[in-house]
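Quick look at final06.txt (compact mmCIF, C-alpha atoms):
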# COMPACT_ATOMS: atom_id res chain seq x y z
CA MET U 26 156.68 164.81 71.73
CA PRO U 27 159.47 162.22 71.72
CA GLN U 28 160.41 160.48 75.02
CA PRO U 29 163.92 161.11 76.36
CA LYS U 30 166.36 158.39 75.42
CA GLY U 31 167.01 155.66 78.03
CA ARG U 32 163.58 155.91 79.69
CA PRO U 33 160.88 153.46 78.55
CA SER U 34 157.48 154.83 77.72
CA VAL U 35 154.84 154.03 80.43
CA SER U 36 151.18 154.57 79.67
CA GLY U 37 148.55 155.64 82.21
CA ARG U 38 146.96 152.21 81.95
CA GLN U 39 150.25 150.52 82.90
CA LEU U 40 150.69 152.83 85.89
CA ARG U 41 147.18 152.05 87.10
CA GLN U 42 147.84 148.32 86.63
CA LYS U 43 151.03 148.52 88.73
CA GLN U 44 149.20 150.41 91.46
CA ASN U 45 146.36 147.84 91.41
CA ASP U 46 148.90 145.00 91.63
CA ARG U 47 150.54 146.64 94.65
CA SER U 48 147.17 147.19 96.33
CA THR U 49 146.20 143.55 95.71
CA MET U 50 149.47 142.34 97.22
CA VAL U 51 148.94 144.51 100.30
CA VAL U 52 145.37 143.17 100.75
CA VAL U 53 146.51 139.56 100.29
CA GLY U 54 149.32 140.13 102.80
CA ILE U 55 146.90 141.54 105.37
CA ILE U 56 144.48 138.63 104.88
CA LEU U 57 147.29 136.08 105.24
CA GLY U 58 148.48 137.83 108.40
CA VAL U 59 145.00 137.75 109.92
CA VAL U 60 144.59 134.04 109.05
CA VAL U 61 147.95 133.20 110.67
CA VAL U 62 147.08 135.13 113.84
CA LEU U 63 143.62 133.49 114.07
CA ALA U 64 145.07 130.01 113.52
CA ALA U 65 147.69 130.55 116.21
CA GLY U 66 145.04 131.84 118.60
CA MET U 67 142.75 128.88 118.00
CA TYR U 68 145.63 126.46 118.48
CA ALA U 69 146.63 128.12 121.77
CA TRP U 70 142.97 128.09 122.92
CA SER U 71 142.66 124.38 122.10
CA LEU U 72 145.68 123.64 124.30
CA THR U 73 144.11 125.35 127.31
CA ARG U 74 140.51 124.09 126.83
CA PRO U 75 139.65 121.22 129.19
CA SER U 76 139.03 117.93 127.43
CA ALA U 77 137.23 114.80 128.53
CA LEU U 78 139.16 111.68 129.52
CA HIS U 79 138.01 108.34 128.14
CA PHE U 80 138.13 105.18 130.27
CA ALA U 81 137.63 101.61 129.15
CA ASP U 82 134.23 100.08 129.77
CA VAL U 83 135.10 97.70 132.60
CA THR U 84 131.84 95.78 132.25
CA GLN U 85 133.02 94.28 128.94
CA GLY U 86 129.49 93.22 128.12
CA GLU U 87 128.84 91.72 131.56
CA THR U 88 126.08 92.79 133.93
CA ASN U 89 128.33 93.64 136.91
CA HIS U 90 125.34 93.94 139.25
CA LEU U 91 125.65 93.97 143.03
CA SER U 92 122.86 92.58 145.20
CA SER U 93 122.86 95.72 147.38
CA PRO U 94 124.38 99.22 147.20
CA THR U 95 126.63 98.44 150.17
CA ASP U 96 128.16 95.22 148.80
CA PRO U 97 131.97 95.30 148.59
CA LEU U 98 133.30 95.69 145.05
CA PRO U 99 134.73 92.48 143.58
CA THR U 100 137.21 94.65 141.64
CA PRO U 101 137.97 98.38 142.03
CA TYR U 102 136.68 101.07 139.70
CA ASN U 103 139.18 102.22 137.08
CA SER U 104 138.51 105.92 137.68
CA ASN U 105 137.48 108.25 140.50
CA PRO U 106 134.66 109.19 140.25
CA PRO U 107 133.79 105.94 138.44
CA THR U 108 132.52 106.00 134.88
CA SER U 109 131.52 102.33 134.58
CA GLY U 110 131.75 99.08 136.52
CA TRP U 111 130.04 97.42 139.45
CA HIS U 112 126.69 98.86 140.48
CA TRP U 113 123.51 98.01 142.33
CA GLY U 114 120.99 96.60 139.89
CA GLY U 115 118.00 97.47 142.08
CA GLY U 116 117.59 101.12 141.17
CA VAL U 117 119.00 104.48 140.21
CA ALA U 118 119.13 107.89 141.88
CA ASP U 119 116.46 110.44 140.97
CA PRO U 120 117.70 113.22 138.69
CA GLY U 121 118.37 116.74 139.90
CA VAL U 122 120.33 118.56 142.60
CA LYS U 123 121.54 116.55 145.60
CA THR U 124 122.99 118.01 148.78
CA THR U 125 124.45 114.76 150.15
CA PRO U 126 126.69 112.25 148.35
CA ILE U 127 125.15 109.25 146.59
CA SER U 128 126.88 105.88 146.64
CA ASP U 129 129.00 105.18 143.55
CA THR U 130 127.30 101.79 143.31
CA ILE U 131 124.06 103.66 142.58
CA THR U 132 125.32 106.50 140.38
CA VAL U 133 127.18 104.09 138.09
CA HIS U 134 123.77 102.57 137.31
CA ASN U 135 122.59 106.09 136.38
CA LEU U 136 125.56 106.40 134.03
CA GLU U 137 124.66 103.06 132.48
CA HIS U 138 121.26 104.56 131.64
CA GLY U 139 122.89 107.58 129.96
CA PHE U 140 123.01 110.14 132.79
CA VAL U 141 125.62 112.86 133.20
CA ILE U 142 126.70 113.59 136.78
CA PHE U 143 128.38 116.75 138.02
CA HIS U 144 130.45 116.03 141.14
CA TYR U 145 131.93 118.74 143.34
CA ARG U 146 134.18 118.59 146.37
CA SER U 147 132.21 119.12 149.54
CA ASP U 148 134.51 122.02 150.50
CA LEU U 149 133.70 123.97 147.31
CA ASP U 150 132.61 127.55 148.04
CA SER U 151 128.86 128.10 148.22
CA ALA U 152 128.76 130.60 145.34
CA THR U 153 130.25 128.04 142.93
CA VAL U 154 127.98 125.29 144.27
CA GLN U 155 125.02 127.56 143.54
CA LYS U 156 126.25 128.08 139.96
CA LEU U 157 126.50 124.31 139.49
CA GLN U 158 123.04 123.77 140.91
CA ASP U 159 121.53 126.53 138.73
CA LEU U 160 123.23 125.06 135.66
CA THR U 161 121.87 121.62 136.53
CA LEU U 162 118.31 122.93 136.77
CA SER U 163 118.75 124.74 133.46
CA LEU U 164 120.09 121.66 131.67
CA GLN U 165 117.38 119.51 133.22
CA GLN U 166 114.78 121.53 131.30
CA GLN U 167 116.43 120.29 128.08
CA ASN U 168 117.17 116.71 129.14
CA PRO U 169 116.18 115.26 132.54
CA CYS U 170 119.14 112.86 132.85
CA ILE U 171 121.47 114.89 135.05
CA ILE U 172 122.54 114.85 138.70
CA THR U 173 124.71 117.25 140.67
CA GLU U 174 126.11 115.97 143.96
CA PRO U 175 128.83 116.71 146.52
CA ARG U 176 131.74 114.30 146.93
CA PRO U 177 133.93 113.91 150.03
CA VAL U 178 137.07 116.06 149.95
CA ASP U 179 139.38 113.04 150.09
CA ASN U 180 137.49 111.37 147.25
CA LEU U 181 137.88 113.98 144.50
CA ASP U 182 141.23 115.44 143.45
CA VAL U 183 139.77 118.46 141.63
CA PRO U 184 137.05 120.93 142.63
CA ILE U 185 134.60 119.75 139.93
CA ALA U 186 134.28 116.63 137.76
CA ALA U 187 131.64 115.61 135.24
CA THR U 188 131.04 111.96 134.39
CA SER U 189 129.12 109.95 131.82
CA TRP U 190 129.49 106.31 130.77
CA THR U 191 133.30 105.86 130.26
CA TYR U 192 134.00 109.62 130.09
CA MET U 193 135.12 112.18 132.67
CA LEU U 194 135.89 115.88 132.56
CA LYS U 195 138.00 117.31 135.40
CA LEU U 196 137.93 121.04 136.13
CA ASP U 197 140.12 123.17 138.38
CA SER U 198 137.42 125.85 138.44
CA TYR U 199 133.82 126.36 137.33
CA ASP U 200 133.58 126.44 133.53
CA GLU U 201 129.98 126.65 132.36
CA SER U 202 130.86 126.35 128.68
CA ALA U 203 132.88 123.14 129.25
CA LEU U 204 130.14 121.62 131.41
CA ARG U 205 127.40 122.44 128.91
CA SER U 206 129.50 120.99 126.10
CA PHE U 207 130.21 117.80 128.06
CA PHE U 208 126.52 117.36 128.86
CA ALA U 209 125.41 117.90 125.27
CA SER U 210 128.08 115.54 123.93
CA HIS U 211 127.53 112.67 126.37
CA VAL U 212 124.03 112.57 127.80
CA GLY U 213 122.26 109.49 126.44
CA ARG U 214 125.26 108.51 124.30
CA ASP U 215 127.70 105.57 124.33
CA ASN U 216 125.96 103.91 127.29
CA PRO U 217 124.80 100.25 127.29
CA GLU U 218 121.19 100.80 128.41
CA LYS U 219 119.40 103.31 126.18
CA ILE U 220 117.10 104.85 128.78
CA CYS U 221 117.93 108.57 128.57
CA PRO U 222 117.15 110.67 125.49
CA VAL U 223 120.19 111.55 123.39
CA GLY U 224 121.62 115.07 123.54
CA MET U 225 119.70 118.24 124.16

Translate this structure into structure tokens?
Amino acid sequence: MPQPKGRPSVSGRQLRQKQNDRSTMVVVGIILGVVVVLAAGMYAWSLTRPSALHFADVTQGETNHLSSPTDPLPTPYNSNPPTSGWHWGGGVADPGVKTTPISDTITVHNLEHGFVIFHYRSDLDSATVQKLQDLTLSLQQQNPCIITEPRPVDNLDVPIAATSWTYMLKLDSYDESALRSFFASHVGRDNPEKICPVGM
């Protein structure tokens, strides 16, 4: 039967091809939309995720040892809590959970060995302190080089800080994921004296 004039002939195969093309375009559009939404979400998350601060190594290849933990510092630390600098050369603090503050002149020596230290303000609520202590004990099973200690209220400007040699993470609230990540990334790394095992 002849086709009416003015209307092109369209076969069934051509119709199916056009429908397939439309379906493909819809699927591609949906995939692109999902990718854009995921990328925007990851970017927004990266802006809010706490990141570690890096401080210069103030030792600059020097020993920077004090003859006792109570000696006055010849020059001040370049961060608070300190991440490098003057320290007592006579010993380090034992790893684990501490309930009283340790002198910075001792803990800096721990950092030099590759330790990670979790500091918390002494007025932090007991439930959060318990979480920090439990996390410390858990991480210590994977790598012994960790200390958690309180810090005087007037000597820490955030509730929680984590330090390693030349690095510090400051937290406004307990963030287990951020603390675990900091520990894994910094324990036994980038420190002058390779005493602690690297990573977890």

For this session: Select, from U:Phe207, U:Tyr102, U:Trp113, U:Phe140, the residue with the minimum atom-to-atom distance to U:His90, counting all atoms listed in the file.
Result: U:Trp113

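Nearest residue to U:Asp179 among U:Gly114, U:Pro222, U:Pro106, U:Gly213 is U:Pro106, counting only C-alpha atoms.
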
Problem set entry | Polymer residues at most 12 Å from U:Gly110, only C-alpha atoms, same-chain spacing of 4 or more positions, as JSON, numbers by chain | {"U": [80, 81, 82, 83, 84, 85, 86, 87, 88, 89, 90, 91, 98, 99, 100, 101, 102, 103, 104, 105, 106, 114, 129, 130, 131, 132, 133, 134, 135, 136, 137, 190, 191, 216, 217]}

Exercise. U:Phe143: which residues within 9 Å, counting only C-alpha atoms, same-chain residues fewer than 2 positions away excluded, as number ranges by chain?
Worked result: U: 141, 145, 157, 161, 171-175, 185-188, 204

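Here atom CA of U:Arg146 is placed at a distance of 21.9 Å from atom CA of U:His211.
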
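With atom CA of U:Pro94 on one side and atom CA of U:Cys221 on the other, the separation reads 21.8 Å.
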
Seminar exercise, completed: For U:Pro75, the closest of U:Ser128, U:Ser210, U:Ser48, U:Ser198 counting all atoms listed in the file is U:Ser198

Seminar exercise, completed: Computed gap from atom CA of U:Ser76 to atom CA of U:Leu194 is 6.4 Å

Exercise. For U:Lys156, which residue out of U:Gly139, U:Ser109, U:Asp200, U:Val117 is the nearest one, using all atoms listed in the file?
Worked result: U:Asp200

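Nearest residue to U:Pro184, choosing from U:Ile55, U:Ala209, U:Leu149, U:Val223 and counting all atoms listed in the file: U:Leu149.
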